[in-house]
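K.L.:
Shown below is the structure under consideration.
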Amino acid sequence: MGLILPKHFLSRRQLLQLSGFSGANLFLGGCGSSLFSDTVGQLVEPLNQRIEELLLTQKPVPEYPVSAIEPDKLLINTFDFAPEIDPTTFRLTIDGEVSRPLQLSMTDIQKLPLTSMVIRHVCVEGWAAIVQWGGVRLRDLVALVQPKSNVRYAYFKSADGYYESWDIASALHPQTLMAYKKNGQPLSVDYGAPLRLASPVKLGYKQSKWVTQIKLVSTLLPAKGYWEDQGYEWFAGL
Ligand SMILES: Nc1nc2c(c(=O)[nH]1)N[C@H]1C(S)=C(S)[C@@H](COP(=O)(O)O)O[C@H]1N2
Ligand SMILES: [Mo]
């Protein structure tokens, strides 16, 4: 079929499944005509070269066996309140310097390949826990919106007022997930439902819960993150 598709991305079958997304939600401002061919056509375009290179050079960090999960050790760490979000009306906005901004429902997101990983969550306050997260790779979501070549950061906005920014390499890491499952169960409200960041490459405070918007940008704003703006380190790598 001559489709140009990076092999670390979605298969053709998955693309065709994706094209079944409800059109109204898939593309902001889309005209709605010939959605099928339009969608598939956009998704198979190669990504820009900088991002392609990043994706090819990133190595996964070792994971733990399922038997190592510490179900009681992941403390709830919320700076203020846990927002109740109706998962049926929830939409994740992905926008910024991209060719195809999207608004995705949880049904859309759960049609994407599910990745499961057992990693250590580390909080700067002096505790850690081995956790299993399940969700969609952020790189798959980024690929859908077709980022411009100048994109260097991802901003994450949360429903409780929390905000974060990440370097694009960490955001595109193969184990950086937008998670909707924890230890094999659906994510609960306290732990960030319906959707949160989870990654073995960043400290706990980078892992935003209740994410409602992901914005891909070329410059870092003065407001870098909820804790960073109070003096914590921005990169916060593990
Ligand atoms: N929206 C939001 N995300 C957040 C926080 C928060 O207060 N609000 N706390 C952060 C901190 S400091 C940590 S350690 C982890 C804790 O995740 P958990 O509550 O699922 O253990 O969430 C991070 N993400
Ligand atoms: Mo934390």
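Letters A, B, ... mark the chains of the structure tokens in the order given; residue numbers begin at 1 per chain; ligand numbers begin at 1, in order shown.
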So which residues touch A:Leu114 within 8 Å, counting only C-alpha atoms, skipping near sequence neighbours fewer than 2 positions away, as a list in words?
P.N.:
Gln110, Leu112, Ser116, Gly134, Gly135, Val136 and Arg137 of chain A
K.L.:
Please write out the residues within 10 Å of ligand 1 as a PyMOL selection string, counting only C-alpha atoms and all ligand atoms.
P.N.:
chain A and resi 73-83+121-129+131+156-164+182+187-193+196-198+203-212+226-227
K.L.:
For ligand 2, which residue among A:Lys202, A:Lys181, A:Lys224, A:Arg50 is the nearest when counting only C-alpha atoms and all ligand atoms?
P.N.:
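Using only C-alpha atoms and all ligand atoms, the shortest distance to ligand 2 belongs to A:Lys202.
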K.L.:
With only C-alpha atoms and all ligand atoms as the basis for distance, which of A:Ala143, A:Ala236, A:Ile85, A:Leu104 is at the shortest distance from ligand 2?
P.N.:
A:Ala236
K.L.:
As a list in words, list the residues of stretch 31-130 of chain A assigned to helix (DSSP H, G or I) by DSSP on the backbone atoms of this structure.
P.N.:
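Selection result, helix (DSSP H, G or I) within stretch 31-130 of chain A: Leu35, Phe36, Ser37, Asp38, Thr39, Val40, Gly41, Gln42, Leu43, Gln49, Arg50, Ile51, Glu52, Glu53, Leu54, Leu55, Leu56, Thr57, Val66, Ser67, Ala68, Met106, Thr107, Asp108 and Ile109 of chain A.
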K.L.:
Have a look at A:Ile109, A:Val142, A:Ala154, A:Glu228 and name the one nearest to ligand 2; count only C-alpha atoms and all ligand atoms.
P.N.:
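Going through A:Ile109, A:Val142, A:Ala154, A:Glu228 one by one, the smallest distance to ligand 2 is for A:Glu228.
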K.L.:
If you run DSSP on the backbone here, which positions in stretch 52-230 of chain A get strand (DSSP E or B)? Please write them as a ChimeraX atom specification.
P.N.:
/A:92-96,98,102-104,115-123,127-137,147,153-158,163-167,177-182,185-186,196-198,202,211-217
K.L.:
Determine the nearest neighbour of A:Ser218 from the options A:Met106, A:Leu138, A:Val151, A:Ala68, counting only C-alpha atoms.
P.N.:
A:Val151
